[in-house]
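So the structure is just underneath, and the comments pick up after that.
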Amino acid sequence: MYKSKAYAAASAKSPFASTTISRRDPTEHDVQIAILFCGICHSDLHTVRDEWNEIMPTVYPCVPGHEIVGRVEKIGSAVSKFKPGELAAVGCMVDSDGTCPECHSGLEQFCPKMVLTYNSTDRHLGGVTYGGYSDSIVVDERFVLRVPSNLSLAGAAPLLCAGITTYSPMRHWCVTKGKKVGVVGLGGLGHMAVKIAHALGAHVVVFTTSPHKKDDALRLGADEIVISRNTGEMKKHSSSFDFIVDAVSAEHDINAYLNLLRRDGNLTLVGLPSKPFAVAAPSLLFGRRSLSGSVIGGIAETQEMLDFCGAHNITSDVEVIPIQKLDEAYGRLLKSDVKYRFSIDMASLKSD
Ligand SMILES: NC(=O)c1ccc[n+]([C@@H]2O[C@H](COP(=O)([O-])OP(=O)(O)OC[C@H]3O[C@@H](n4cnc5c(N)ncnc54)[C@H](OP(=O)(O)O)[C@@H]3O)[C@@H](O)[C@H]2O)c1
Ligand SMILES: [Zn+2]
Ligand SMILES: [Zn+2]
């Protein structure tokens with residue numbers, strides 16, 4: 001074992017504080033990574049504040065972070081994919097059983113034994129797993145990804161969650177050239193959805209509650225912007241969408257969006273508010289519409305997404321912050337005031 005610097009929350013109401021955590025020495029299949037950047041996902045905030053208590057209670061101290069980019073420091077004796085000095089990335093998962101039907105289908109995110117990067121049982125050291133708000137992490141090479149060399153590292157980090165979470169359902173629901181695609185909520189996930197849908201050739205419409213994000217939405221690749229609180233503007237798009245991805249972190253009326261789907265259209269939820277939605281049956285029945293959900297993506301698809309982003313020069317628009325500003329960043333995340341992802345520069349941990 002060795003010690004790693006990190007920032008942790010001691011309870012749902014505590015501010016972040018500097019701490020040290022234990023990491024395992026790399027075993028034969030492990031890669032030890034010096035973390036350079038880590039994105040801040042709204043899931044980090046939900047977890048730190050224990051907002052998902054009913055499905056996934058938070059164990060404290062909690063060290064979040066699952067949008068990790070860094071450099072390989074050490075490798076285990078059987079590692080073949082990585083060498084020390086190379087760039088490497090880690091997303092939301094660090095392990096799975098590798099033997100179940102989900103793993104065999106490349107859908108490790110659905111494996112019953114999947115281990116999340118943070119707040120999961122740590123099978124090596126006991127206790128819980130600690131995430132990327134830290135200067136170092138040790139991960140089985142099966143869960144370590146390659147970062148295309150042309151991408152900026154601070155902007156590539158958020159691809160590991162926000163990128164794959166929006167890419168995966170768009171591939172699953174066949175978003176291609178000419179499809180009309182809606183993106184609800186222009187936050188970390190939403191702005192990646194806009195970039196990816198645009199690169200896939202779709203006609204992209206952004207639904208936002210923040211009128212001041214209009215120019216940004218166009219710059220990011222949207223073809224149209226709708227202020228979702230304006231019912232007149234919403235009505236103009238009735239029954240016209242092939243696919244809508246809903247990336248909102250808080251409660252909202254989902255029927256307003258279901259009614260915008262054309263026949264056989266699909267709305268996929270990727271946002272995970274803590275309270276259940278009320279779905280009006282007619283919104284689904286008329287038009288044979290469907291409502292589904294999606295959670296991150298498998299490892300092979302995550303690599304495919306990274307390569308797609310490399311080929312299209314897609315990164316996240318980031319505000320790079322020192323780790324000492326975590327509490328301030330969380331406050332702004334709650335106010336939908338981020339352009340459009342915070343990325344922590346882990347060099348700032350050195351000064352602690
Ligand atoms: N399924 C998965 O695998 C997965 C992965 C990562 C994250 N998530 C979840 O996805 C959600 C979004 O994450 P994120 O990191 O993108 O969050 P984020 O950056 O905070 O973006 C959320 C956006 O939702 C909109 N919004 C916020 N409050 C709203 C309200 N009361 N009514 C309507 N719209 C509102 C805002 O967009 P506008 O200002 O444009 O309205 C905001 O920017 C979170 O719940 C997160 O836990 C799921
Ligand atoms: Zn995330
Ligand atoms: Zn499995």
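Every chain in the structure tokens has a letter given in the order shown (A, B, ...), and although residue numbers restart at 1 in each chain, ligands are simply numbered from 1 in the order shown.
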
Let me have all residues with an atom within 6 Å of ligand 1, counting only C-alpha atoms and all ligand atoms, laid out as JSON, numbers by chain. {"A": [41, 42, 43, 161, 162, 165, 185, 186, 187, 188, 189, 190, 208, 209, 210, 247, 248, 249, 250, 251, 252, 270, 271, 272, 273, 294, 295, 296, 333, 336]}

DSSP-assigned strand (DSSP E or B) members of segment 165-347 of chain A, reported as a PDB file with C-alpha atoms, in the first residue's frame:
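And here's part-v7.pdb as it stands now:
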```
ATOM      1  CA  LYS A 180     -33.933  15.289 -35.400  1.00  0.00           C
ATOM      2  CA  VAL A 181     -32.383  15.064 -31.947  1.00  0.00           C
ATOM      3  CA  GLY A 182     -33.322  16.979 -28.799  1.00  0.00           C
ATOM      4  CA  VAL A 183     -30.976  17.622 -25.885  1.00  0.00           C
ATOM      5  CA  VAL A 184     -32.629  18.632 -22.621  1.00  0.00           C
ATOM      6  CA  HIS A 203     -30.271  18.195 -36.601  1.00  0.00           C
ATOM      7  CA  VAL A 204     -29.807  19.230 -32.979  1.00  0.00           C
ATOM      8  CA  VAL A 205     -32.306  21.177 -30.871  1.00  0.00           C
ATOM      9  CA  VAL A 206     -31.314  22.260 -27.350  1.00  0.00           C
ATOM     10  CA  PHE A 207     -33.924  22.714 -24.623  1.00  0.00           C
ATOM     11  CA  THR A 208     -32.693  24.958 -21.865  1.00  0.00           C
ATOM     12  CA  GLU A 224     -32.058  25.441 -32.857  1.00  0.00           C
ATOM     13  CA  ILE A 225     -32.583  26.462 -29.235  1.00  0.00           C
ATOM     14  CA  VAL A 226     -35.835  26.310 -27.315  1.00  0.00           C
ATOM     15  CA  ILE A 227     -36.391  28.022 -23.971  1.00  0.00           C
ATOM     16  CA  PHE A 241     -38.305  14.357 -32.803  1.00  0.00           C
ATOM     17  CA  ASP A 242     -36.731  11.000 -33.580  1.00  0.00           C
ATOM     18  CA  PHE A 243     -34.785  10.980 -30.331  1.00  0.00           C
ATOM     19  CA  ILE A 244     -34.434  13.117 -27.220  1.00  0.00           C
ATOM     20  CA  VAL A 245     -31.792  12.735 -24.523  1.00  0.00           C
ATOM     21  CA  ASP A 246     -32.775  14.187 -21.151  1.00  0.00           C
ATOM     22  CA  LEU A 261     -41.520  12.749 -30.113  1.00  0.00           C
ATOM     23  CA  ARG A 262     -42.756  11.591 -33.495  1.00  0.00           C
ATOM     24  CA  ARG A 263     -44.264   8.115 -34.003  1.00  0.00           C
ATOM     25  CA  ASP A 264     -41.916   5.485 -32.524  1.00  0.00           C
ATOM     26  CA  GLY A 265     -39.628   8.204 -31.214  1.00  0.00           C
ATOM     27  CA  ASN A 266     -37.619   7.590 -28.070  1.00  0.00           C
ATOM     28  CA  LEU A 267     -36.759   9.685 -25.064  1.00  0.00           C
ATOM     29  CA  THR A 268     -33.785   8.399 -23.081  1.00  0.00           C
ATOM     30  CA  LEU A 269     -33.183   9.571 -19.546  1.00  0.00           C
ATOM     31  CA  SER A 290     -40.947   4.965 -25.767  1.00  0.00           C
ATOM     32  CA  LEU A 291     -39.206   6.146 -22.648  1.00  0.00           C
ATOM     33  CA  SER A 292     -35.965   4.509 -21.605  1.00  0.00           C
ATOM     34  CA  GLY A 293     -32.829   5.071 -19.615  1.00  0.00           C
ATOM     35  CA  VAL A 318     -13.953  23.177 -19.378  1.00  0.00           C
ATOM     36  CA  GLU A 319     -13.312  25.650 -16.609  1.00  0.00           C
ATOM     37  CA  VAL A 320     -10.065  24.407 -15.082  1.00  0.00           C
ATOM     38  CA  ILE A 321      -9.986  24.859 -11.308  1.00  0.00           C
ATOM     39  CA  PRO A 322      -7.569  24.110  -8.461  1.00  0.00           C
ATOM     40  CA  ARG A 341     -17.666  21.220 -17.035  1.00  0.00           C
ATOM     41  CA  PHE A 342     -15.248  21.868 -14.202  1.00  0.00           C
ATOM     42  CA  SER A 343     -11.959  20.043 -14.651  1.00  0.00           C
ATOM     43  CA  ILE A 344      -9.674  19.876 -11.618  1.00  0.00           C
ATOM     44  CA  ASP A 345      -5.989  20.481 -12.303  1.00  0.00           C
TER      45      ASP A 345
END
```

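Taking atom CA of His29 of chain A and atom CA of Lys3 of chain A as the two end points, the separation is 20.0 Å.
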
As an NGL selection string, list the residues of segment 25-203 of chain A assigned to helix (DSSP H, G or I) by DSSP on the backbone atoms of this structure. :A and (42-48 or 101-104 or 108-110 or 141-143 or 153-160 or 162-172 or 188-199)

Please write the residues from the selection above to a file, keeping N, CA and C atoms, as a tab-separated table (two decimals), in the first residue's frame.
```
chain	number	residue	atom	x	y	z
A	42	HIS	N	-22.11	15.95	-12.08
A	42	HIS	CA	-23.19	16.20	-11.12
A	42	HIS	C	-23.44	14.96	-10.24
A	43	SER	N	-23.07	13.78	-10.76
A	43	SER	CA	-23.21	12.56	-9.94
A	43	SER	C	-22.30	12.63	-8.71
A	44	ASP	N	-21.16	13.31	-8.84
A	44	ASP	CA	-20.28	13.49	-7.67
A	44	ASP	C	-21.05	14.25	-6.59
A	45	LEU	N	-21.75	15.30	-7.05
A	45	LEU	CA	-22.50	16.13	-6.09
A	45	LEU	C	-23.66	15.35	-5.48
A	46	HIS	N	-24.43	14.62	-6.32
A	46	HIS	CA	-25.53	13.80	-5.78
A	46	HIS	C	-24.98	12.85	-4.71
A	47	THR	N	-23.82	12.24	-4.99
A	47	THR	CA	-23.25	11.25	-4.07
A	47	THR	C	-22.76	11.91	-2.79
A	48	VAL	N	-21.98	12.98	-2.94
A	48	VAL	CA	-21.44	13.66	-1.75
A	48	VAL	C	-22.57	14.09	-0.83
A	101	PRO	N	-22.97	-12.76	-18.62
A	101	PRO	CA	-23.42	-12.43	-19.98
A	101	PRO	C	-23.23	-10.94	-20.32
A	102	GLU	N	-23.42	-10.06	-19.34
A	102	GLU	CA	-23.26	-8.62	-19.61
A	102	GLU	C	-21.79	-8.31	-19.96
A	103	CYS	N	-20.88	-8.87	-19.18
A	103	CYS	CA	-19.46	-8.64	-19.46
A	103	CYS	C	-19.10	-9.22	-20.83
A	104	HIS	N	-19.65	-10.42	-21.14
A	104	HIS	CA	-19.35	-11.02	-22.43
A	104	HIS	C	-19.90	-10.21	-23.58
A	108	GLU	N	-20.19	-3.99	-19.40
A	108	GLU	CA	-19.75	-4.15	-18.01
A	108	GLU	C	-20.57	-3.28	-17.06
A	109	GLN	N	-21.15	-2.19	-17.59
A	109	GLN	CA	-21.92	-1.30	-16.71
A	109	GLN	C	-23.13	-2.00	-16.09
A	110	PHE	N	-23.56	-3.12	-16.69
A	110	PHE	CA	-24.72	-3.86	-16.17
A	110	PHE	C	-24.31	-5.12	-15.41
A	141	GLU	N	-6.01	-3.14	-15.69
A	141	GLU	CA	-5.82	-2.61	-17.06
A	141	GLU	C	-7.05	-2.76	-17.95
A	142	ARG	N	-7.93	-3.74	-17.63
A	142	ARG	CA	-9.15	-3.90	-18.44
A	142	ARG	C	-10.02	-2.65	-18.38
A	143	PHE	N	-9.85	-1.86	-17.33
A	143	PHE	CA	-10.69	-0.67	-17.14
A	143	PHE	C	-9.93	0.64	-17.37
A	153	LEU	N	-5.83	17.55	-22.40
A	153	LEU	CA	-6.11	16.61	-21.30
A	153	LEU	C	-7.23	17.12	-20.38
A	154	ALA	N	-7.22	18.42	-20.08
A	154	ALA	CA	-8.27	18.96	-19.20
A	154	ALA	C	-9.64	18.76	-19.83
A	155	GLY	N	-9.72	18.93	-21.15
A	155	GLY	CA	-11.00	18.81	-21.86
A	155	GLY	C	-11.36	17.38	-22.19
A	156	ALA	N	-10.37	16.49	-22.17
A	156	ALA	CA	-10.65	15.08	-22.47
A	156	ALA	C	-11.21	14.36	-21.24
A	157	ALA	N	-10.82	14.81	-20.05
A	157	ALA	CA	-11.25	14.10	-18.83
A	157	ALA	C	-12.78	13.90	-18.79
A	158	PRO	N	-13.58	14.94	-19.04
A	158	PRO	CA	-15.04	14.76	-18.95
A	158	PRO	C	-15.63	13.78	-19.97
A	159	LEU	N	-14.87	13.42	-20.99
A	159	LEU	CA	-15.38	12.42	-21.94
A	159	LEU	C	-15.63	11.10	-21.23
A	160	LEU	N	-14.88	10.85	-20.15
A	160	LEU	CA	-14.94	9.54	-19.49
A	160	LEU	C	-16.26	9.28	-18.79
A	162	ALA	N	-19.29	12.17	-19.00
A	162	ALA	CA	-20.27	12.95	-19.79
A	162	ALA	C	-20.25	12.53	-21.26
A	163	GLY	N	-19.08	12.20	-21.79
A	163	GLY	CA	-18.97	11.80	-23.19
A	163	GLY	C	-19.63	10.46	-23.45
A	164	ILE	N	-19.24	9.45	-22.70
A	164	ILE	CA	-19.78	8.10	-22.97
A	164	ILE	C	-21.27	8.02	-22.61
A	165	THR	N	-21.69	8.73	-21.59
A	165	THR	CA	-23.11	8.66	-21.18
A	165	THR	C	-24.05	9.21	-22.26
A	166	THR	N	-23.57	10.13	-23.06
A	166	THR	CA	-24.42	10.68	-24.11
A	166	THR	C	-24.17	9.96	-25.44
A	167	TYR	N	-22.94	9.51	-25.66
A	167	TYR	CA	-22.61	8.79	-26.91
A	167	TYR	C	-23.35	7.45	-26.96
A	168	SER	N	-23.36	6.72	-25.86
A	168	SER	CA	-23.90	5.36	-25.86
A	168	SER	C	-25.38	5.30	-26.27
A	169	PRO	N	-26.28	6.08	-25.65
A	169	PRO	CA	-27.69	6.00	-26.10
A	169	PRO	C	-27.88	6.51	-27.52
A	170	MET	N	-27.05	7.45	-27.95
A	170	MET	CA	-27.22	7.94	-29.34
A	170	MET	C	-26.86	6.85	-30.34
A	171	ARG	N	-25.85	6.04	-30.00
A	171	ARG	CA	-25.51	4.92	-30.88
A	171	ARG	C	-26.60	3.85	-30.80
A	172	HIS	N	-27.06	3.58	-29.58
A	172	HIS	CA	-28.08	2.54	-29.40
A	172	HIS	C	-29.36	2.88	-30.17
A	188	GLY	N	-23.04	19.66	-18.19
A	188	GLY	CA	-21.89	18.86	-18.58
A	188	GLY	C	-22.26	17.78	-19.59
A	189	LEU	N	-23.30	16.98	-19.27
A	189	LEU	CA	-23.72	15.93	-20.19
A	189	LEU	C	-24.33	16.54	-21.45
A	190	GLY	N	-25.22	17.53	-21.22
A	190	GLY	CA	-25.94	18.12	-22.35
A	190	GLY	C	-25.01	18.71	-23.41
A	191	HIS	N	-23.99	19.42	-22.98
A	191	HIS	CA	-23.13	20.06	-23.99
A	191	HIS	C	-22.31	19.02	-24.76
A	192	MET	N	-22.00	17.89	-24.11
A	192	MET	CA	-21.33	16.80	-24.84
A	192	MET	C	-22.31	16.15	-25.83
A	193	ALA	N	-23.57	16.02	-25.41
A	193	ALA	CA	-24.60	15.44	-26.30
A	193	ALA	C	-24.72	16.29	-27.56
A	194	VAL	N	-24.69	17.61	-27.39
A	194	VAL	CA	-24.81	18.51	-28.55
A	194	VAL	C	-23.63	18.28	-29.51
A	195	LYS	N	-22.42	18.26	-28.96
A	195	LYS	CA	-21.24	18.09	-29.81
A	195	LYS	C	-21.27	16.75	-30.54
A	196	ILE	N	-21.63	15.69	-29.81
A	196	ILE	CA	-21.59	14.35	-30.40
A	196	ILE	C	-22.71	14.19	-31.44
A	197	ALA	N	-23.93	14.65	-31.10
A	197	ALA	CA	-25.05	14.53	-32.05
A	197	ALA	C	-24.74	15.31	-33.33
A	198	HIS	N	-24.14	16.48	-33.16
A	198	HIS	CA	-23.77	17.29	-34.32
A	198	HIS	C	-22.74	16.55	-35.18
A	199	ALA	N	-21.76	15.95	-34.52
A	199	ALA	CA	-20.73	15.21	-35.27
A	199	ALA	C	-21.31	13.97	-35.95
```

From A:Lys113, A:Gly131, A:Val72, A:Gln324, residue lying nearest ligand 2 [only C-alpha atoms and all ligand atoms]: A:Gly131

Between atom CA of Ser228 of chain A and atom CA of Pro211 of chain A lies a distance of 9.3 Å

Applying 7 Å and only C-alpha atoms, which residues near Leu116 of chain A remain after dropping the ones on its own chain fewer than 4 positions away? List them as a compact mmCIF listing (two decimals) with C-alpha atoms, in the first residue's frame.
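This went into result.txt:
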```txt
# COMPACT_ATOMS: atom_id res chain seq x y z
CA CYS A 92 -16.95 5.37 -13.84
CA MET A 93 -16.02 1.70 -13.35
CA VAL A 94 -12.84 0.00 -12.13
CA SER A 120 -18.35 0.89 -4.17
```

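Rounded to one decimal, atom CA of Pro64 of chain A and atom CA of Tyr118 of chain A lie 5.8 Å from each other.
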
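For the choices A:Ile21, A:Cys100, A:Val79, A:Ala256, the atom-to-atom distance to ligand 3 is smallest for A:Cys100 when using only C-alpha atoms and all ligand atoms.
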
Do a neighbour search on Val128 of chain A at 8 Å with only C-alpha atoms, toss out local chain neighbours closer than 2 positions, and write the hits as a ChimeraX atom specification. /A:59,118-122,126,130

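Those residues that approach segment 348-351 of chain A to within 10 Å, counting only C-alpha atoms, are Lys5, Ala6, Tyr7, Ser18, Leu36, Tyr133, Ser134, Asp135, Ile321, Pro322, Ile323 and Gln324 of chain A; same-chain residues fewer than 5 positions away are not listed.
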
Kindly save the residues from that selection, with N, CA and C atoms included, as a compact mmCIF listing (two decimals), in the first residue's frame.
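In the end it all went to again_35.txt:
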```txt
# COMPACT_ATOMS: atom_id res chain seq x y z
N LYS A 5 -2.55 11.68 -1.96
CA LYS A 5 -3.26 12.88 -1.48
C LYS A 5 -4.63 12.92 -2.13
N ALA A 6 -5.63 13.40 -1.40
CA ALA A 6 -6.99 13.45 -1.94
C ALA A 6 -7.79 14.54 -1.25
N TYR A 7 -8.98 14.82 -1.81
CA TYR A 7 -9.97 15.67 -1.15
C TYR A 7 -11.20 14.83 -0.88
N SER A 18 -8.76 18.42 2.67
CA SER A 18 -7.58 17.69 2.21
C SER A 18 -7.34 16.48 3.13
N LEU A 36 -3.76 13.63 -13.64
CA LEU A 36 -3.46 15.00 -14.07
C LEU A 36 -4.71 15.88 -14.02
N TYR A 133 -10.55 12.59 -7.23
CA TYR A 133 -10.14 13.86 -6.60
C TYR A 133 -8.89 13.54 -5.76
N SER A 134 -7.86 13.14 -6.44
CA SER A 134 -6.71 12.50 -5.79
C SER A 134 -5.53 12.56 -6.76
N ASP A 135 -4.31 12.34 -6.24
CA ASP A 135 -3.17 12.45 -7.18
C ASP A 135 -2.76 11.13 -7.81
N ILE A 321 -10.05 24.28 -12.66
CA ILE A 321 -9.99 24.86 -11.31
C ILE A 321 -8.94 24.12 -10.46
N PRO A 322 -8.39 24.82 -9.45
CA PRO A 322 -7.57 24.11 -8.46
C PRO A 322 -8.49 23.34 -7.52
N ILE A 323 -7.99 22.28 -6.95
CA ILE A 323 -8.84 21.41 -6.11
C ILE A 323 -9.36 22.15 -4.86
N GLN A 324 -8.66 23.19 -4.47
CA GLN A 324 -9.08 23.95 -3.29
C GLN A 324 -10.42 24.67 -3.54
```

Name all residues at most 7 Å from Leu87 of chain A (count only C-alpha atoms; drop same-chain ones fewer than 6 positions away) and give them as a ChimeraX atom specification. /A:70-72,146-147

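Closest approach to ligand 3 from the set A:Glu73, A:Asp30, A:Asp95, A:Asp50 is made by A:Asp95, with distances taken over only C-alpha atoms and all ligand atoms.
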
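Nearest residue to Gly91 of chain A, choosing from A:Cys111, A:Met234, A:Ala78, A:Ile137 and counting only C-alpha atoms: A:Ile137.
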
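Closest approach to Gly298 of chain A among A:Ser96, A:Thr27, A:Ser4, A:Asn53 is made by A:Ser96 (distances from only C-alpha atoms).
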